[in-house]
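Visitor: Okay, so here is my_file_30.txt, and as you'll see once you scroll down, it has compact mmCIF, C-alpha atoms.
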```
# COMPACT_ATOMS: atom_id res chain seq x y z
CA MET C 841 28.07 -150.70 43.54
CA PRO C 842 29.53 -148.05 41.19
CA ASN C 843 31.58 -150.79 39.44
CA ALA C 844 28.46 -152.93 38.93
CA LEU C 845 26.60 -149.97 37.44
CA ALA C 846 29.55 -149.17 35.16
CA ALA C 847 29.68 -152.81 34.04
CA ARG C 848 25.95 -152.85 33.27
CA LEU C 849 26.15 -149.55 31.32
CA THR C 850 29.08 -150.94 29.32
CA ALA C 851 27.20 -154.19 28.61
CA TRP C 852 24.29 -152.14 27.27
CA GLY C 853 26.68 -150.21 25.04
CA PHE C 854 26.57 -146.79 26.72
CA SER C 855 29.50 -144.52 25.94
CA TRP C 856 30.33 -140.83 26.04
CA GLY C 857 30.70 -140.95 22.27
CA GLY C 858 27.20 -142.38 21.96
CA LEU C 859 25.79 -139.53 24.03
CA ARG C 860 27.43 -137.14 21.54
CA ASP C 861 26.46 -138.85 18.29
CA ASN C 862 23.48 -141.11 19.16
CA ARG C 863 25.25 -144.21 17.81
CA ARG C 864 23.11 -146.66 19.81
CA GLY C 865 19.96 -144.54 20.07
CA GLU C 866 20.94 -142.74 23.28
CA TRP C 867 18.99 -139.62 22.32
CA TRP C 868 15.75 -141.61 22.06
CA LEU C 869 16.36 -142.96 25.55
CA ILE C 870 17.06 -139.46 26.91
CA ALA C 871 13.83 -138.15 25.34
CA GLN C 872 11.91 -141.12 26.74
CA MET C 873 13.31 -140.62 30.24
CA ALA C 874 12.61 -136.87 30.17
CA LEU C 875 8.97 -137.51 29.24
CA ILE C 876 8.61 -140.17 31.94
CA VAL C 877 10.10 -137.93 34.63
CA ALA C 878 7.87 -135.05 33.48
CA HIS C 879 4.88 -137.19 34.48
CA LEU C 880 5.79 -136.26 38.08
CA LEU C 881 4.63 -132.69 37.39
CA PRO C 882 1.27 -131.67 38.86
CA ALA C 883 -1.86 -131.62 36.71
CA THR C 884 -1.75 -128.50 34.57
CA PRO C 885 -4.26 -127.06 34.22
CA SER C 886 -5.98 -128.87 37.02
CA PRO C 887 -9.56 -129.93 36.34
CA ALA C 888 -10.67 -127.68 39.22
CA SER C 889 -9.07 -124.63 37.57
CA LEU C 890 -11.21 -125.40 34.50
CA GLY C 891 -14.33 -125.60 36.67
CA LEU C 892 -14.46 -129.39 36.52
CA ALA C 893 -14.88 -131.82 39.37
CA TRP C 894 -12.72 -134.76 38.25
CA PRO C 895 -14.75 -137.86 39.08
CA LEU C 896 -13.41 -140.33 41.59
CA PRO C 897 -14.07 -143.33 39.28
CA ALA C 898 -11.83 -141.70 36.65
CA ARG C 899 -9.09 -141.25 39.23
CA PHE C 900 -9.33 -144.89 40.34
CA GLY C 901 -9.59 -146.05 36.73
CA GLY C 902 -6.39 -144.16 35.92
CA LEU C 903 -4.63 -145.73 38.90
CA ALA C 904 -5.81 -149.18 37.73
CA LEU C 905 -4.41 -148.51 34.23
CA PHE C 906 -1.11 -147.40 35.78
CA ALA C 907 -0.96 -150.55 37.92
CA LEU C 908 -1.76 -152.74 34.91
CA GLY C 909 1.04 -151.03 33.00
CA LEU C 910 3.48 -151.82 35.81
CA VAL C 911 2.43 -155.48 35.80
CA LEU C 912 2.83 -155.71 32.02
CA ALA C 913 6.24 -154.01 32.23
CA GLY C 914 7.35 -156.56 34.81
CA GLN C 915 6.17 -159.41 32.60
CA GLY C 916 8.02 -157.99 29.57
CA ALA C 917 11.21 -157.42 31.54
CA LEU C 918 11.12 -160.97 32.95
CA ASN C 919 10.50 -162.46 29.50
CA LEU C 920 13.46 -160.57 28.04
CA GLY C 921 15.77 -161.50 30.92
CA ALA C 922 19.46 -160.71 30.46
CA SER C 923 18.74 -159.30 26.99
CA LEU C 924 16.95 -156.30 28.53
CA SER C 925 18.50 -152.98 27.51
CA PRO C 926 17.14 -149.45 27.71
CA LEU C 927 18.75 -148.57 24.38
CA PRO C 928 17.02 -149.26 21.06
CA GLU C 929 20.16 -151.06 19.87
CA PRO C 930 19.64 -154.74 20.72
CA MET C 931 22.47 -156.61 22.38
CA ALA C 932 24.33 -158.55 19.65
CA ASP C 933 24.16 -161.94 21.37
CA ALA C 934 20.57 -161.62 22.58
CA PRO C 935 18.15 -164.33 21.45
CA LEU C 936 14.92 -163.36 19.71
CA VAL C 937 12.10 -163.56 22.28
CA THR C 938 8.64 -164.15 20.76
CA THR C 939 6.72 -165.73 23.64
CA GLY C 940 5.09 -164.45 26.81
CA ALA C 941 4.57 -160.70 26.62
CA TYR C 942 6.42 -160.78 23.28
CA GLY C 943 3.69 -163.03 21.88
CA ARG C 944 1.20 -160.23 22.55
CA CYS C 945 3.25 -157.48 20.88
CA ARG C 946 6.81 -156.89 19.71
CA HIS C 947 7.46 -154.06 22.20
CA PRO C 948 5.55 -154.88 25.40
CA LEU C 949 7.70 -152.58 27.53
CA TYR C 950 6.76 -149.63 25.31
CA GLN C 951 3.13 -150.74 25.47
CA ALA C 952 3.39 -150.79 29.27
CA LEU C 953 4.92 -147.29 29.36
CA ILE C 954 2.09 -145.92 27.23
CA LEU C 955 -0.46 -147.62 29.46
CA CYS C 956 1.18 -146.15 32.58
CA SER C 957 1.20 -142.71 30.96
CA LEU C 958 -2.48 -143.08 30.01
CA GLY C 959 -3.21 -144.08 33.60
CA VAL C 960 -1.53 -140.95 34.99
CA THR C 961 -3.35 -138.80 32.43
CA VAL C 962 -6.75 -140.26 33.31
CA ALA C 963 -6.09 -140.21 37.07
CA LEU C 964 -5.10 -136.54 37.03
CA GLY C 965 -7.38 -135.27 34.27
CA SER C 966 -4.46 -133.20 33.04
CA LEU C 967 -3.97 -131.65 29.62
CA LEU C 968 -0.23 -131.43 30.33
CA HIS C 969 -0.07 -135.17 30.94
CA LEU C 970 -2.10 -135.82 27.80
CA GLY C 971 0.58 -133.91 25.88
CA LEU C 972 3.32 -135.86 27.65
CA MET C 973 1.61 -139.13 26.74
CA LEU C 974 1.33 -138.12 23.08
CA GLY C 975 5.01 -137.11 23.11
CA LEU C 976 5.88 -140.49 24.62
CA VAL C 977 3.89 -142.25 21.88
CA VAL C 978 5.91 -140.41 19.22
CA VAL C 979 9.27 -141.08 20.88
CA LEU C 980 8.52 -144.76 21.51
CA GLY C 981 7.28 -145.19 17.93
CA PHE C 982 10.56 -143.84 16.55
CA LYS C 983 12.61 -145.77 19.10
CA ALA C 984 10.88 -149.05 18.23
CA ARG C 985 11.44 -148.48 14.51
CA ARG C 986 15.14 -147.93 15.10
CA GLU C 987 15.32 -151.07 17.21
CA GLU C 988 13.54 -153.13 14.58
CA ALA C 989 15.90 -152.02 11.82
CA ARG C 990 18.70 -153.73 13.78
CA LEU C 991 16.62 -156.73 14.88
CA VAL C 992 15.93 -157.57 11.22
CA LEU C 993 19.70 -157.73 10.65
CA LEU C 994 20.40 -159.80 13.79
CA HIS C 995 17.58 -162.34 13.52
CA PRO C 996 16.56 -163.98 10.22
CA ASP C 997 13.14 -164.92 11.71
CA TYR C 998 12.32 -161.35 12.75
CA GLY C 999 10.51 -160.51 9.49
CA ALA C 1000 7.94 -163.28 9.97
CA TYR C 1001 7.50 -162.36 13.65
CA ARG C 1002 7.06 -158.71 12.64
CA GLN C 1003 4.29 -159.55 10.17
CA ALA C 1004 2.43 -161.81 12.61
CA THR C 1005 2.64 -159.71 15.78
CA ALA C 1006 1.49 -156.18 16.56
CA ALA C 1007 4.27 -153.67 17.20
CA ILE C 1008 3.06 -151.79 20.28
CA LEU C 1009 -0.73 -151.38 20.16
CA PRO C 1010 -2.69 -153.37 17.56
CA GLY C 1011 -4.76 -151.42 15.07
CA LEU C 1012 -3.17 -148.01 15.67
CA PRO C 1013 -1.15 -147.08 12.56
CA TRP C 1014 1.69 -145.24 14.35
CA LEU C 1015 1.94 -148.01 16.93
CA ASP C 1016 1.40 -151.03 14.66
CA TRP C 1017 3.18 -151.04 11.32
CA ARG C 1018 2.94 -154.71 10.40
CA SER C 1019 2.21 -153.95 6.75
CA ALA C 1020 5.13 -151.50 6.47
```
Any chance you could give the structure as structure tokens?
Guide:
Amino acid sequence: MPNALAARLTAWGFSWGGLRDNRRGEWWLIAQMALIVAHLLPATPSPASLGLAWPLPARFGGLALFALGLVLAGQGALNLGASLSPLPEPMADAPLVTTGAYGRCRHPLYQALILCSLGVTVALGSLLHLGLMLGLVVVLGFKARREEARLVLLHPDYGAYRQATAAILPGLPWLDWRSA
């Protein structure tokens, strides 16, 4: 198992040098992972500590958003197949995928992460988790921009796809920069 993990990390382009100098966007991945793991923290402040009774429908609605995010993440991962990489540096031999989840937006996995984060925030009614979600939005926006700078170089058709398809969430300027 350790050899399989090492082989996968090498295929993705991970290296000790990259962790030092961010050559393949490793720092964006580390920031993303830290924000995701921080979602395991308890609601702070809790709605009860603010004198609020967090409604049960909000809790269930948040869980439904989280579940929808997981489903969308699975769809995006399946559509990308062997080209899937956690780094914002695309794999050099990866084909350009523009169908399935990638017909809905250019970064469906980032969209799914934001939806999961929103689900946790709504389910818990937590200001801390709202801040984590906003931090995740910023990190994923920068990470997607870095990824796209390389995709434009790797795929001649990427410019047309970029203009026709929302980046992460349509209509939100930081998360959809089609006119940029």
Visitor: Of the candidates C:Gln1003, C:Leu949, C:Pro887, C:Leu875, which one gets nearest to Leu967 in chain C if we count all atoms listed in the file?
Guide: C:Pro887
Visitor: When you look at Ala934 in chain C with a cut-off of 12 Å (counting all atoms listed in the file), what residues show up, excluding the ones that are within fewer than 6 positions of it in the same chain? I need them as a list in words.
Guide: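 Those residues are Ala851, Trp852, Leu920, Gly921, Ala922, Ser923, Leu924, Ser925, Arg990, Leu991, Leu994 and His995 of chain C.
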Visitor: Could you check the closest approach to Leu890 in chain C for each of C:Ser966, C:Leu972, C:Pro996, C:Pro948 and tell me which residue wins, using all atoms listed in the file?
Guide: C:Ser966
Visitor: Nearest to Ala989 in chain C: which of C:Pro842, C:Gly916, C:Pro930, C:Gly853 is it, counting all atoms listed in the file?
Guide: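 Looking only at the distances to Ala989 in chain C, the closest residue turns out to be C:Pro930.
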Visitor: What does the distance from CA of Leu910 in chain C to CA of Leu953 in chain C come to in Å, to one decimal?
Guide: 8.0 Å
Visitor: Set the distance at 7 Å and use all atoms listed in the file: which residues neighbour Cys945 in chain C once local chain neighbours fewer than 2 positions away are removed? I'd like the list as a PyMOL selection string.
Guide: chain C and resi 941-943+947-948+1005-1008
Visitor: For each of C:Gly940, C:Gly902, C:Gly909, C:Pro882, take the minimum atom-to-atom distance to Leu955 in chain C, counting only C-alpha atoms, then give the residue where this is smallest.
Guide: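 Among the listed residues, the smallest separation from Leu955 in chain C belongs to C:Gly909.
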Visitor: How many Å separate CA of Gly858 in chain C from CA of Arg946 in chain C?
Guide: 25.1 Å
Visitor: For Gln915 in chain C, which residue among C:Arg899, C:Arg944, C:Arg1002, C:Arg986 is the nearest when counting all atoms listed in the file?
Guide: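 Residue with the minimum atom-to-atom distance to Gln915 in chain C: C:Arg944.
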Visitor: Identify which of the residues C:Phe906, C:Gly1011, C:Gln951, C:Leu927 lies closest to Glu866 in chain C, counting all atoms listed in the file when measuring atom-to-atom distances.
Guide: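 Closest candidate: C:Leu927.
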Visitor: Would you mind reading off the distance between CA of Leu974 in chain C and CA of Ile954 in chain C, one decimal, in Å?
Guide: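 Those two atoms sit 8.9 Å apart.
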Visitor: For a cutoff of 10 Å around the file-coordinate point (7.8, -152.5, 6.7), which residues qualify once you count only C-alpha atoms? I'd like the result as a PyMOL selection string.
Guide: chain C and resi 985+988-989+999+1002-1003+1017-1020
Visitor: Rebuild range 988-1002 of chain C so that it carries N, CA and C atoms, then output the result as a short mmCIF file (atom, residue, chain, number, x, y, z; two decimals), keeping the file's coordinate frame.
Guide:
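Ended up saving to out.cif:
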```
data_model
loop_
_atom_site.label_atom_id
_atom_site.label_comp_id
_atom_site.auth_asym_id
_atom_site.auth_seq_id
_atom_site.Cartn_x
_atom_site.Cartn_y
_atom_site.Cartn_z
N GLU C 988 13.91 -152.09 15.53
CA GLU C 988 13.54 -153.13 14.58
C GLU C 988 14.45 -153.17 13.37
N ALA C 989 14.97 -152.03 12.95
CA ALA C 989 15.90 -152.02 11.82
C ALA C 989 17.12 -152.89 12.14
N ARG C 990 17.56 -152.90 13.37
CA ARG C 990 18.70 -153.73 13.78
C ARG C 990 18.28 -155.17 14.03
N LEU C 991 17.10 -155.37 14.61
CA LEU C 991 16.62 -156.73 14.88
C LEU C 991 16.48 -157.54 13.59
N VAL C 992 16.05 -156.90 12.52
CA VAL C 992 15.93 -157.57 11.22
C VAL C 992 17.29 -158.09 10.77
N LEU C 993 18.35 -157.32 11.04
CA LEU C 993 19.70 -157.73 10.65
C LEU C 993 20.24 -158.84 11.55
N LEU C 994 19.87 -158.83 12.82
CA LEU C 994 20.40 -159.80 13.79
C LEU C 994 19.68 -161.14 13.76
N HIS C 995 18.39 -161.12 13.43
CA HIS C 995 17.58 -162.34 13.52
C HIS C 995 16.85 -162.61 12.22
N PRO C 996 17.21 -163.66 11.49
CA PRO C 996 16.56 -163.98 10.22
C PRO C 996 15.04 -164.19 10.35
N ASP C 997 14.57 -164.65 11.51
CA ASP C 997 13.14 -164.92 11.71
C ASP C 997 12.35 -163.68 12.10
N TYR C 998 13.02 -162.53 12.26
CA TYR C 998 12.32 -161.35 12.75
C TYR C 998 11.25 -160.86 11.77
N GLY C 999 11.50 -160.97 10.48
CA GLY C 999 10.51 -160.51 9.49
C GLY C 999 9.18 -161.21 9.63
N ALA C 1000 9.19 -162.52 9.80
CA ALA C 1000 7.94 -163.28 9.97
C ALA C 1000 7.26 -162.90 11.28
N TYR C 1001 8.04 -162.78 12.35
CA TYR C 1001 7.50 -162.36 13.65
C TYR C 1001 6.87 -160.97 13.53
N ARG C 1002 7.54 -160.08 12.83
CA ARG C 1002 7.06 -158.71 12.64
C ARG C 1002 5.72 -158.69 11.92
#
```
